[in-house]
Structures are given as C-alpha cells and as structure tokens.
Amino acid sequence: MPLEHKRPLYAGDVFEGEVQGLYVQAHVFSEPSSYGISEGRMSRLTVYPNRQKEFSKRLANYDRGWDGKPPEVCTIRAVIEAAVRQFDHRAVDWQFEALR
C-alpha cells in the first residue's frame, strides 16, 4: 500500500501509512539530497510495529542518517525499500548506507 500524504511542512511533506504490515512515517522533499536515503528525496523515515508510533518501539529510524546503523532485518529492509521505490523509483544501496 502506498504511503498517504498527511501534512505539508515548512519544507517537504510528511507521508504515513502501512507498508507490508509495518507502520511508516516519511519526510519527503521535492529534490534529492545527500541527506536522503541513498541520496534520494526521503530525509527522515521511521518504521514502527503499529500505528501507535511509540518512540521506544521504533524498528528503524533515519533522520539525515541512521540511528546507529541501517537495519539488518530483511522484513524491515523490505519496508524501507518499498518506501524508497515509491518516492525515488530506485533501490536502496545498503552498502552505501552502511558507510554513512
């Protein structure tokens, strides 16, 4: 299911929705950036197990860089890849992301 547009921000837009059974929030800009996932348009992305969006239950978080390191769990990576494909029409380069 594609992410739904929620609200515009001062710069970029926020999208939220369920992707492959997990809940995703994404902050997407009109142009790609070195701050984006795989240098794309998505500069913030958080994956939660459900719609409750509890801070302590985040499965993955990207805010101009990964909190810690990129996720290694295949199901979480698949969700992130689906979100990146929706906005940037490309695959995530996990080797590049691991070097950030």
# chains A, B, ... in the order shown; residues from 1 in each chain; ligands from 1
call {"tool": "residues_around", "arguments": {"residues": "Gly21 of chain A", "least_positions_apart": "6", "cutoff": "12 Å", "atoms": "only C-alpha atoms", "output": "short mmCIF file (atom, residue, chain, number, x, y, z; two decimals) with N, CA, C and O atoms, in the first residue's frame"}}
result
data_model
loop_
_atom_site.label_atom_id
_atom_site.label_comp_id
_atom_site.auth_asym_id
_atom_site.auth_seq_id
_atom_site.Cartn_x
_atom_site.Cartn_y
_atom_site.Cartn_z
N MET A 1 0.84 -1.18 0.00
CA MET A 1 0.00 0.00 0.00
C MET A 1 0.89 1.24 0.00
O MET A 1 1.80 1.34 0.80
N VAL A 47 10.14 3.52 11.09
CA VAL A 47 9.34 2.31 10.94
C VAL A 47 8.93 1.86 12.34
O VAL A 47 9.79 1.71 13.22
N TYR A 48 7.63 1.67 12.53
CA TYR A 48 7.06 1.22 13.80
C TYR A 48 6.33 -0.11 13.58
O TYR A 48 5.89 -0.40 12.47
N PRO A 49 6.13 -0.88 14.65
CA PRO A 49 5.38 -2.12 14.50
C PRO A 49 3.89 -1.89 14.28
O PRO A 49 3.20 -2.75 13.73
N ASN A 50 3.36 -0.71 14.68
CA ASN A 50 1.93 -0.41 14.52
C ASN A 50 1.71 1.10 14.50
O ASN A 50 2.65 1.87 14.62
N ARG A 51 0.44 1.50 14.39
CA ARG A 51 0.08 2.91 14.28
C ARG A 51 0.30 3.72 15.56
O ARG A 51 0.18 4.94 15.55
N THR A 75 12.83 -8.09 6.76
CA THR A 75 11.47 -7.54 6.64
C THR A 75 11.46 -6.03 6.80
O THR A 75 10.72 -5.34 6.09
N ILE A 76 12.30 -5.50 7.68
CA ILE A 76 12.38 -4.05 7.85
C ILE A 76 13.03 -3.41 6.63
O ILE A 76 12.58 -2.38 6.14
N ALA A 78 12.91 -4.53 3.64
CA ALA A 78 11.93 -4.60 2.54
C ALA A 78 10.94 -3.44 2.63
O ALA A 78 10.55 -2.87 1.61
N VAL A 79 10.53 -3.08 3.83
CA VAL A 79 9.61 -1.95 4.03
C VAL A 79 10.29 -0.65 3.61
O VAL A 79 9.71 0.18 2.90
#
call {"tool": "residues_around", "arguments": {"residues": "Arg64 of chain A", "least_positions_apart": "4", "cutoff": "12 Å", "atoms": "only C-alpha atoms", "output": "PyMOL selection string"}}
result
chain A and resi 26-28+33-46+97+100
call {"tool": "select_by_dssp", "arguments": {"residues": "chain A", "states": "alpha helix (DSSP H)", "output": "JSON, numbers by chain"}}
result
{"A": [74, 75, 76, 77, 78, 79, 80, 81, 82, 83, 84, 85, 86, 87, 88, 94, 95, 96, 97, 98]}
call {"tool": "write_last_selection", "arguments": {"atoms": "N, CA, C and O atoms", "output": "compact mmCIF listing (two decimals), in the first residue's frame"}}
result
# COMPACT_ATOMS: atom_id res chain seq x y z
N CYS A 74 15.61 -8.44 7.37
CA CYS A 74 15.12 -8.43 5.97
C CYS A 74 13.73 -7.81 5.83
O CYS A 74 13.49 -7.07 4.89
N THR A 75 12.83 -8.09 6.76
CA THR A 75 11.47 -7.54 6.64
C THR A 75 11.46 -6.03 6.80
O THR A 75 10.72 -5.34 6.09
N ILE A 76 12.30 -5.50 7.68
CA ILE A 76 12.38 -4.05 7.85
C ILE A 76 13.03 -3.41 6.63
O ILE A 76 12.58 -2.38 6.14
N ARG A 77 14.08 -4.04 6.13
CA ARG A 77 14.72 -3.53 4.91
C ARG A 77 13.73 -3.51 3.74
O ARG A 77 13.72 -2.58 2.94
N ALA A 78 12.91 -4.53 3.64
CA ALA A 78 11.93 -4.60 2.54
C ALA A 78 10.94 -3.44 2.63
O ALA A 78 10.55 -2.87 1.61
N VAL A 79 10.53 -3.08 3.83
CA VAL A 79 9.61 -1.95 4.03
C VAL A 79 10.29 -0.65 3.61
O VAL A 79 9.71 0.18 2.90
N ILE A 80 11.54 -0.46 4.01
CA ILE A 80 12.28 0.74 3.64
C ILE A 80 12.48 0.80 2.13
O ILE A 80 12.29 1.86 1.51
N GLU A 81 12.81 -0.32 1.53
CA GLU A 81 12.99 -0.37 0.08
C GLU A 81 11.70 -0.01 -0.65
O GLU A 81 11.73 0.70 -1.66
N ALA A 82 10.56 -0.48 -0.15
CA ALA A 82 9.27 -0.16 -0.78
C ALA A 82 8.99 1.34 -0.69
O ALA A 82 8.53 1.95 -1.67
N ALA A 83 9.29 1.95 0.44
CA ALA A 83 9.07 3.39 0.61
C ALA A 83 10.00 4.19 -0.31
O ALA A 83 9.57 5.14 -0.96
N VAL A 84 11.25 3.80 -0.40
CA VAL A 84 12.20 4.50 -1.27
C VAL A 84 11.78 4.35 -2.73
O VAL A 84 11.82 5.32 -3.50
N ARG A 85 11.34 3.17 -3.13
CA ARG A 85 10.87 2.97 -4.52
C ARG A 85 9.68 3.87 -4.82
O ARG A 85 9.57 4.39 -5.93
N GLN A 86 8.79 4.06 -3.84
CA GLN A 86 7.61 4.90 -4.07
C GLN A 86 7.99 6.33 -4.41
O GLN A 86 7.39 6.95 -5.28
N PHE A 87 9.01 6.86 -3.75
CA PHE A 87 9.35 8.28 -3.94
C PHE A 87 10.54 8.52 -4.86
O PHE A 87 10.63 9.56 -5.50
N ASP A 88 11.46 7.58 -4.92
CA ASP A 88 12.68 7.79 -5.71
C ASP A 88 12.82 6.83 -6.88
O ASP A 88 13.75 6.96 -7.67
N TRP A 94 22.43 -0.63 0.17
CA TRP A 94 22.71 -0.90 1.58
C TRP A 94 24.19 -0.81 1.90
O TRP A 94 24.55 -0.45 3.03
N GLN A 95 25.05 -1.10 0.96
CA GLN A 95 26.49 -0.95 1.21
C GLN A 95 26.84 0.52 1.42
O GLN A 95 27.59 0.87 2.32
N PHE A 96 26.27 1.39 0.59
CA PHE A 96 26.47 2.84 0.74
C PHE A 96 25.92 3.30 2.09
O PHE A 96 26.56 4.06 2.80
N GLU A 97 24.71 2.83 2.43
CA GLU A 97 24.08 3.25 3.69
C GLU A 97 24.90 2.81 4.90
O GLU A 97 24.98 3.53 5.88
N ALA A 98 25.53 1.66 4.83
CA ALA A 98 26.34 1.16 5.95
C ALA A 98 27.58 2.02 6.18
O ALA A 98 28.11 2.06 7.30
call {"tool": "select_by_dssp", "arguments": {"residues": "segment 33-85 of chain A", "states": "strand (DSSP E)", "output": "number ranges by chain"}}
result
A: 42-48, 60-63
call {"tool": "write_last_selection", "arguments": {"atoms": "C-alpha atoms", "output": "short mmCIF file (atom, residue, chain, number, x, y, z; two decimals), in the first residue's frame"}}
result
data_model
loop_
_atom_site.label_atom_id
_atom_site.label_comp_id
_atom_site.auth_asym_id
_atom_site.auth_seq_id
_atom_site.Cartn_x
_atom_site.Cartn_y
_atom_site.Cartn_z
CA MET A 42 13.48 10.95 1.80
CA SER A 43 15.46 12.66 4.60
CA ARG A 44 13.53 11.14 7.50
CA LEU A 45 11.92 7.73 7.84
CA THR A 46 10.69 5.86 10.89
CA VAL A 47 9.34 2.31 10.94
CA TYR A 48 7.06 1.22 13.80
CA ALA A 60 14.28 1.69 12.31
CA ASN A 61 14.93 5.41 12.27
CA TYR A 62 16.63 7.59 9.68
CA ASP A 63 16.99 11.34 10.29
#
call {"tool": "atom_distance", "arguments": {"atom1": "atom CA of Lys69 of chain A", "atom2": "atom CA of Ala11 of chain A"}}
result
25.9 Å
call {"tool": "closest_residue", "arguments": {"among": "A:Val92, A:Val73, A:Leu99, A:Val24", "to": "Arg58 of chain A", "atoms": "only C-alpha atoms"}}
result
A:Val24
call {"tool": "atom_distance", "arguments": {"atom1": "atom CA of Glu31 of chain A", "atom2": "atom CA of Gly17 of chain A"}}
result
21.7 Å
call {"tool": "closest_residue", "arguments": {"among": "A:Asp67, A:Lys57, A:Arg90, A:Glu72", "to": "Tyr23 of chain A", "atoms": "only C-alpha atoms"}}
result
A:Lys57
call {"tool": "atom_distance", "arguments": {"atom1": "atom CA of Gln52 of chain A", "atom2": "atom CA of Val14 of chain A"}}
result
16.6 Å
